[in-house]
Each structure stands twice: as structure tokens, then as C-alpha cells.
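S.K.: Quick one: the structure is below, and I'll ask about it shortly.
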Amino acid sequence: MNLGWALNRLSVMSGREIGYRVKQQLRAGLEKLVPREPRLPRLQAQRSGEPWVSPLPRAFDVAKYRYAADRILAGEFDVFALSPARLGFPPEWNRDPKTGRTAPLAFGKTLNYRDERLVGDIKYLWEPSRHAELVTLAQAWHLTGDAKYALGCRTLLDSWFEQCPYRQGVHWTSSLELAIRLINWSFTWYLLGGENSVLFESEDGKAFRDRWLTSVYRHCDFIRGHLSRYSSANNHLLGELTGLFVAAWTWPFWKESERWLALSRRELEREALTQNASDGVNKEQAIWYHHEVADMMIVAGLVARANHSDFGPPYWHRLRAMLDFIASVMDAGGNVPAFGDADDAIIARLDPDEDRHVYRSLLTTGAVLFRSGQLKFKSGGFDDKSRWLLGDAAAEQFDRIDCSGVSLPVRRDFPEGGYCVLGDAFESDEEIRIVADSGPLGYLSIAAHGHADALSFTLSARGYELLIDPGTFAYHTQKRWRDYFRGTSAHNTIRVDRVDQSVSGGNFLWTRHARARLLAVEHSAQFERWVAEHDGYARLDDPVLHRRELRLDKAARQLTVIDDLQCRGGHLIEIFWHFAEECSVTQEGRVAHVSREGVRLSILLPQGLSYRLSHGVEAPAPEGWLSRSFDRRVPCPTLVASGSIVGATRFETQMHIEFTAREMN
């Protein structure tokens, strides 16, 4: 383990957390020296729990699922930037397909999976072992009855059991990975027919069933013993609890199942309210994780309802608020800002073509669950994932939901989450939508998935992105790019003296947090106004306070950005503006012109600064990059206004939006 990272991590831990982690390390060391394999108890029950929906849906384009399953049988997997990754069938589960490095079968809990020299890129190792492809094969069998797909499921599972022995290697390090695997196994179990699956009919099939159940038991036992606590009790803990909860209902076969169920249910209800603010914003300040946590809550909630053990109203009210947030920040074109970390994680890939439609799909499911015309209006139509989750009858329920007279955005202000929606003519061909950020850096002391983006904002017009958040790109590897994409210079805000607003202590650790606060917000028929500030640069020898005001004149379609920097001494100031890759941007002196599909944005930059237009610069430091998905990046136009100041200084940037006739193809 990297000593510097460990020391930085210790610096943000409480005494109780340090004690807990020391205890866990001692336990791991003892287990390594004295291997403990949990004996598989005798089955206390013979029948699975109820599936998440009954009857299981069937009204799909069968050819689509057959094609997706045939790709898998041919050894093609979807793994980030390698998609399609030709892993073979079955894959080598411990070989990183990106680097070709094979991770050792060392004791998992003491294996340093962060060391890319040892394991390669851990995300590329973990992703196939989440077993999303297993669900696709099971769906194909469910829809076609073709034995090759069921046998493909058995081949994948048996190869994984053989290559990934209990507690050995990278697939026995993170409890979240085990939990997501269990969720996918649960979907697969039911799609293959549950305990009555054709795979279990022969004596050989019964032996396979025993191997599978043995691994299920070991997964549950492992998760229960290694739940994420304290500063890591973020989406990892929610995911672990969801996996344990789903498994305990799917396979209630052992006496421990009742204890697993009671624990996971109790803590799921608590964490759903703890990790998500009452205004509906997930506290990690990362919208992809907001979506992922909402998916966890939907899956757990459907399983609970199917087994006549529903969660209480506060759980569902919080989920509804989370979906309202997504509907509110989504522009008329279906675009959602990419604030915070994103790793393309999907809890269960029920639609092999899901890709980037995750937010609309989430709203579709929510529209049916809550009979909401607002969510239906924003959803874009009924989709495959929602059908798998809710059943064939849900399509008709969706069609009956009345969208007439809906008022959008659902909400404008999210005081706990720190976001605010400004704009005009929402959901129309002349929409202007601004999402401004004055929220916390992230969740808990390490703020693992937050970015140093205080007072940044996104801007879209007519449903087209103009000013964007550039995304994430890298996680455990490529530190230079990890630092860039989560740093201040990759966001539409101001950087002072070439340092980030917050202080990084590692890839998923911030040791000093910029604190932002909202000072004022006004909405009226004529104008919008938002004022906020942050103290991230108060740590400098000469402290700097950054205050930003946004003023939108609706009639003039004029956005004025006023940046006040309060200080005494001299500093280097950089103001960054990042544009969507489809934008055409030209700049001459203080004036920049941005155009995209019938939208023009004219920008008058502040006086007294130098100006440059960057596009995919790598040296001496990255500048002008955008990442739409994990481990993929493309150049994007980026304007930078920079210069020196002495003492308190005000900068004003004026942006004028004009709608023109759309260009015809």
C-alpha cells in the first residue's frame, strides 16, 4: 500500500474508524494465516423467494437479445473502452483485458488491487466479473428456450468458481463487487427458472446447483463480515446491503439468511435516508452515483414488495425526490450534467443496449412506480429495462399516465444538495437551462467521488449542451488524468495560483474541502439570479474568497457572470469555460463565438486578461478534454481567461444566446 496515501487517509479518520480498520486488518491477517472456510449449513428451506416481478415479462424484440447473447458466446464482452473486448468464452477471469496482466491468486483482503503493476487496471478486471453478461444469456434463454444460452450460463459460472477460489484474488477484495455479482446472479436464477431450472434436472445439474449455492453462501458471509463503514460508508455500503438483501430473499435457504435479511433491511432503510438528502440529491455530489443509488433502491424495493415485506413510506418518498432531481436538471434534449465521478457502473444490465439512456430509463420506471405525469414527460417513452423490472403490464400502465398540464422543472432549488436550476422557456424549443453548483465537495470526510468544482455551472439551450462538465475518464490508474478531470481546471469556475480549490490526498480522497454556500437565489418572470461563494482558497498565505453571481435577463437572453475575488495580495487567476465537443468555437481577443445546431452563444470575456482557446492539449498539462464514458476522452473546445490580480478584483463575463433556423441535413 502507498505510504503517502495511507497517511493521508489516516489524517481524515476518526479514532473509532482507525480502531475499526485496525481490527479489520488484524482479522484479515489472521484469516490469511488460518484459513476459515464457512461450512455450508444444511438447507433450512427448499423454495426460493418470489422474483422481483411476476410473471416475468416476455414482450421483447427477441432478435435483439439473441444477438447480444450470441456475441457473448462468441467471447465478446462490453468492457469500457475495449468494447467489444474479445475475452474468449469463458474468459480468463483474473487477466486484465486492457494490459494483459494476470492478477495473482493471493489472499484477497491483503492484496493491493490499487497497484497497477501487480493487477493491471482493476476496473477492467472487476467489470466482467460483475456478470452482467450472465443476465443477458439468461434473458435469451427465457425468451427463446434455446439450451445453448442456459448452458452458456453454467459454463460462465463454473469457470468463475474454478478460477476465482474463495477469498483468493482480486474478486474477493471489494464487498461491493460481490454484492453486484449477487444481484446479477439473482436475476439470472429466476430467468433460468429458479430451483426448477432445466440446469438442475440431472445429477450433474444438482451438483452444479450445489456449487452455485455454496458460492452464494460464501458471498453473503463475506459481505456480512466486510461491510464498508465510516468514511467509506457511501454507495459501497448501500450496494453491499442491496446485494445481501436481494440474496437473502432469493436464497432463504440457511438459518443465517434471516439474520442477513434483518440486518440488510434495517440498514438499507436507514442509509437510503442518510445518504440522500431530503431534497433528493445524493450526498456524494456525483450524478452518475445518484442514478446508481436510485437503481439500487428500486431493485431492493421491488424485491421487498414482491415478498410482501415492503419498505416504509419514507424510503419511497426519498426515491421519488431523487427522480424529481434528475427530471429537474435534465434539459429538453435529455442531457444531464456530469457533475462528480462516473464509472459507467450498472447494477444489472437488463437492456444490452442501455448505454447512455440510463437517466431516461430511470424516469420511465419512476413514472410507473409513482404514477407521475412529470416523470413520464421527461422519460422519452417506455423502455426495455423498465419492462424487465416492472413486467409487461407496466407498459399499458405507462401509456395511461396523463401528462397534460404538467409543470416542469419539478423543482428549481435543492438547498441541501447545493444545486439550482435557472433558465427560461423550459421544455420548449427556446429553452435555456443552467444548473449551478454551490454544494459540498462530496460525502463524508474523504468526499471520494466529488470534484473540485465549486461555483461551476452548465448551460444548455434548445436541448443542446453548450457549457458542460467534462466528466471523469480515469479512476485507479493514469493519475495525471485522474487529477486533471477531478481538478478545478476541468470545470467552469476559477482557479487561483494553479492549485485546486480542495486538496487531494489520493485518487478517492480529499484531505481539505472547499466549503461553498448559497447566498441568494431569485426566480421571476423577467430574470434569474444566483449568488454563492466558497472558501477553498482561504488556505493560501494570502487568503482568497471567490464569490460568483449569475444574472439571466430572460427577454434579452443575456447571462452575466460576475466573479468577485476578495484578497489583499497578488495572485494568478484563470477562468475556464468548457464547451461540448459538437460546438464550433472561435475567439478573437475578448470576443468568442460559439455555435451549435441553430444556437449561437456570443461571449464577451473580462477586460485586463489574456485569452486562449484550447482543444485537446496534453503538455505541459492537460487542457480541453471531455470524457463521456469511462476510460474514453475526446478533445473539447475550452476558453481560458487568465492574468494577475492584486487585491480585491471583479471580473464580468457576458454571454448572449441567440436562436437561429436549424441547419438542414
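Order determines the names: the first chain of the C-alpha cells is A, the second B, and so forth; residues in each chain are numbered 1 upward, and ligands are numbered 1 upward as they are shown.
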At most 8 Å is the cut-off: for each residue in range 153-247 of chain A with any atom that close to an atom of range 77-90 of chain A, write down the nearest atom pair and the distance in Å rounded to one decimal, counting only C-alpha atoms, chain first then increasing number, as a tab-separated table.
M.R.:
```
residue	atom	partner	partner_atom	distance
A:Thr155	CA	A:Pro90	CA	6.9
A:Leu156	CA	A:Pro90	CA	5.7
A:Ser159	CA	A:Pro90	CA	6.6
```
S.K.: Could those selected residues go to a file with C-alpha atoms, as a PDB file, in the first residue's frame?
M.R.:
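Saved the output as part03.pdb:
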```pdb
ATOM      1  CA  THR A 155     -20.141 -22.553 -18.346  1.00  0.00           C
ATOM      2  CA  LEU A 156     -19.531 -18.977 -17.203  1.00  0.00           C
ATOM      3  CA  SER A 159     -15.341 -21.291 -14.924  1.00  0.00           C
TER       4      SER A 159
END
```
S.K.: Tell me, as JSON, numbers by chain, which residues lie within 10 Å of range 593-609 of chain A, counting only C-alpha atoms; anything in the same chain fewer than 4 positions away does not count.
M.R.: {"A": [430, 460, 461, 462, 463, 464, 465, 466, 557, 558, 559, 560, 561, 562, 563, 573, 574, 575, 579, 580, 581, 582, 583, 584, 585, 586, 587, 588, 589, 637, 639, 640, 641, 642, 643, 644, 645, 650, 651, 652, 653, 654, 655, 656, 657, 658, 659, 660, 661, 662, 663, 664]}
S.K.: Please produce an output containing N, CA and C atoms for each residue in the selection, written as a compact mmCIF listing (two decimals), in the first residue's frame.
M.R.:
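Saved result, result.txt, follows:
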```txt
# COMPACT_ATOMS: atom_id res chain seq x y z
N GLU A 430 -37.20 26.97 -27.22
CA GLU A 430 -36.37 28.11 -26.86
C GLU A 430 -35.89 28.00 -25.42
N SER A 460 -27.28 24.82 -21.24
CA SER A 460 -27.77 24.26 -22.49
C SER A 460 -28.86 25.17 -23.03
N ALA A 461 -29.06 25.10 -24.34
CA ALA A 461 -30.09 25.90 -24.99
C ALA A 461 -30.75 25.06 -26.08
N ARG A 462 -32.08 25.11 -26.11
CA ARG A 462 -32.85 24.34 -27.08
C ARG A 462 -32.57 22.83 -26.94
N GLY A 463 -32.15 22.40 -25.76
CA GLY A 463 -31.85 20.99 -25.53
C GLY A 463 -30.49 20.56 -26.03
N TYR A 464 -29.62 21.53 -26.37
CA TYR A 464 -28.26 21.22 -26.79
C TYR A 464 -27.28 21.73 -25.73
N GLU A 465 -26.32 20.88 -25.39
CA GLU A 465 -25.32 21.27 -24.41
C GLU A 465 -24.37 22.30 -25.00
N LEU A 466 -24.11 23.36 -24.25
CA LEU A 466 -23.11 24.36 -24.63
C LEU A 466 -21.95 24.31 -23.64
N ARG A 557 -32.12 37.33 -23.35
CA ARG A 557 -31.36 36.07 -23.38
C ARG A 557 -29.87 36.34 -23.09
N GLN A 558 -29.66 37.10 -22.05
CA GLN A 558 -28.31 37.53 -21.67
C GLN A 558 -27.97 36.96 -20.30
N LEU A 559 -26.88 36.18 -20.23
CA LEU A 559 -26.37 35.67 -18.97
C LEU A 559 -25.10 36.44 -18.62
N THR A 560 -25.11 37.05 -17.44
CA THR A 560 -23.94 37.78 -16.95
C THR A 560 -23.36 37.03 -15.77
N VAL A 561 -22.06 36.76 -15.86
CA VAL A 561 -21.35 36.05 -14.79
C VAL A 561 -20.41 37.05 -14.13
N ILE A 562 -20.63 37.30 -12.84
CA ILE A 562 -19.81 38.26 -12.09
C ILE A 562 -19.00 37.49 -11.06
N ASP A 563 -17.69 37.56 -11.18
CA ASP A 563 -16.79 36.88 -10.25
C ASP A 563 -16.05 37.91 -9.41
N ILE A 573 -4.90 34.27 -11.73
CA ILE A 573 -6.31 33.88 -11.86
C ILE A 573 -6.54 33.26 -13.23
N GLU A 574 -7.29 32.14 -13.27
CA GLU A 574 -7.69 31.51 -14.54
C GLU A 574 -9.19 31.23 -14.49
N ILE A 575 -9.90 31.68 -15.50
CA ILE A 575 -11.33 31.43 -15.63
C ILE A 575 -11.52 30.46 -16.79
N PHE A 579 -16.72 23.63 -23.46
CA PHE A 579 -17.85 23.51 -24.37
C PHE A 579 -18.00 22.07 -24.86
N ALA A 580 -19.22 21.72 -25.19
CA ALA A 580 -19.48 20.39 -25.75
C ALA A 580 -18.67 20.21 -27.02
N GLU A 581 -18.29 18.96 -27.29
CA GLU A 581 -17.42 18.68 -28.43
C GLU A 581 -18.07 19.02 -29.77
N GLU A 582 -19.41 19.07 -29.81
CA GLU A 582 -20.10 19.41 -31.07
C GLU A 582 -20.10 20.92 -31.35
N CYS A 583 -19.68 21.72 -30.38
CA CYS A 583 -19.70 23.17 -30.55
C CYS A 583 -18.55 23.64 -31.44
N SER A 584 -18.86 24.60 -32.30
CA SER A 584 -17.83 25.31 -33.06
C SER A 584 -17.50 26.59 -32.30
N VAL A 585 -16.24 26.78 -31.95
CA VAL A 585 -15.85 27.92 -31.13
C VAL A 585 -14.72 28.68 -31.82
N THR A 586 -14.90 29.98 -31.96
CA THR A 586 -13.84 30.86 -32.45
C THR A 586 -13.64 31.96 -31.44
N GLN A 587 -12.42 32.48 -31.39
CA GLN A 587 -12.11 33.53 -30.39
C GLN A 587 -11.11 34.51 -30.98
N GLU A 588 -11.41 35.77 -30.78
CA GLU A 588 -10.50 36.83 -31.20
C GLU A 588 -10.54 37.90 -30.12
N GLY A 589 -9.42 38.03 -29.42
CA GLY A 589 -9.39 38.98 -28.32
C GLY A 589 -10.38 38.61 -27.24
N PRO A 637 -13.54 22.10 -27.08
CA PRO A 637 -13.09 23.49 -27.05
C PRO A 637 -13.15 24.04 -25.63
N LEU A 639 -12.18 27.63 -23.42
CA LEU A 639 -11.70 29.01 -23.35
C LEU A 639 -11.11 29.26 -21.97
N VAL A 640 -9.96 29.93 -21.95
CA VAL A 640 -9.33 30.27 -20.68
C VAL A 640 -8.98 31.75 -20.71
N ALA A 641 -9.46 32.46 -19.68
CA ALA A 641 -9.08 33.86 -19.48
C ALA A 641 -8.18 33.91 -18.25
N SER A 642 -6.98 34.42 -18.37
CA SER A 642 -6.03 34.35 -17.26
C SER A 642 -5.26 35.65 -17.12
N GLY A 643 -4.74 35.86 -15.91
CA GLY A 643 -3.94 37.04 -15.65
C GLY A 643 -3.68 37.21 -14.18
N SER A 644 -2.98 38.27 -13.83
CA SER A 644 -2.61 38.53 -12.44
C SER A 644 -3.51 39.61 -11.85
N ILE A 645 -3.76 39.48 -10.56
CA ILE A 645 -4.52 40.49 -9.84
C ILE A 645 -3.75 40.86 -8.58
N ARG A 650 -12.90 42.35 -9.48
CA ARG A 650 -14.15 41.86 -10.05
C ARG A 650 -13.97 41.61 -11.55
N PHE A 651 -14.47 40.45 -12.01
CA PHE A 651 -14.48 40.13 -13.43
C PHE A 651 -15.92 39.91 -13.88
N GLU A 652 -16.24 40.40 -15.08
CA GLU A 652 -17.59 40.22 -15.62
C GLU A 652 -17.51 39.58 -16.99
N THR A 653 -18.23 38.47 -17.16
CA THR A 653 -18.31 37.77 -18.43
C THR A 653 -19.75 37.81 -18.91
N GLN A 654 -19.97 38.26 -20.14
CA GLN A 654 -21.32 38.38 -20.68
C GLN A 654 -21.52 37.34 -21.78
N MET A 655 -22.64 36.62 -21.68
CA MET A 655 -22.97 35.58 -22.65
C MET A 655 -24.35 35.86 -23.21
N HIS A 656 -24.42 35.97 -24.52
CA HIS A 656 -25.69 36.25 -25.18
C HIS A 656 -26.09 35.06 -26.04
N ILE A 657 -27.33 34.58 -25.84
CA ILE A 657 -27.83 33.40 -26.54
C ILE A 657 -28.78 33.84 -27.65
N GLU A 658 -28.59 33.27 -28.84
CA GLU A 658 -29.46 33.59 -29.97
C GLU A 658 -29.89 32.29 -30.63
N PHE A 659 -31.18 32.21 -30.94
CA PHE A 659 -31.71 31.04 -31.65
C PHE A 659 -31.86 31.38 -33.12
N THR A 660 -31.35 30.53 -33.98
CA THR A 660 -31.45 30.72 -35.42
C THR A 660 -32.15 29.53 -36.02
N ALA A 661 -32.40 29.59 -37.32
CA ALA A 661 -33.01 28.45 -38.00
C ALA A 661 -32.07 27.26 -37.94
N ARG A 662 -32.63 26.09 -37.69
CA ARG A 662 -31.82 24.88 -37.63
C ARG A 662 -31.25 24.56 -39.01
N GLU A 663 -30.00 24.08 -38.99
CA GLU A 663 -29.39 23.66 -40.25
C GLU A 663 -30.00 22.35 -40.70
N MET A 664 -30.34 22.26 -41.97
CA MET A 664 -30.95 21.06 -42.52
C MET A 664 -29.85 20.13 -43.02
```
S.K.: Of the candidates A:Arg628, A:Lys109, A:Arg551, A:Arg114, which one gets nearest to Val336 in chain A if we count only C-alpha atoms?
M.R.: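 Answer, going by the shortest atom-to-atom distance: A:Arg628.
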S.K.: Please measure the separation of CA of Leu151 in chain A and CA of Glu76 in chain A, giving the value in Å to one decimal.
M.R.: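 Separation between CA of Leu151 in chain A and CA of Glu76 in chain A: 16.9 Å.
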S.K.: Tell me which of A:His291, A:Ala63, A:Asp121, A:Phe208 sits closest to Leu143 in chain A, counting only C-alpha atoms.
M.R.: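 Going through A:His291, A:Ala63, A:Asp121, A:Phe208 one by one, the smallest distance to Leu143 in chain A is for A:Ala63.
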S.K.: Would you work out the distance separating CA of Leu263 in chain A from CA of Val135 in chain A, expressed in Å to one decimal?
M.R.: 26.8 Å
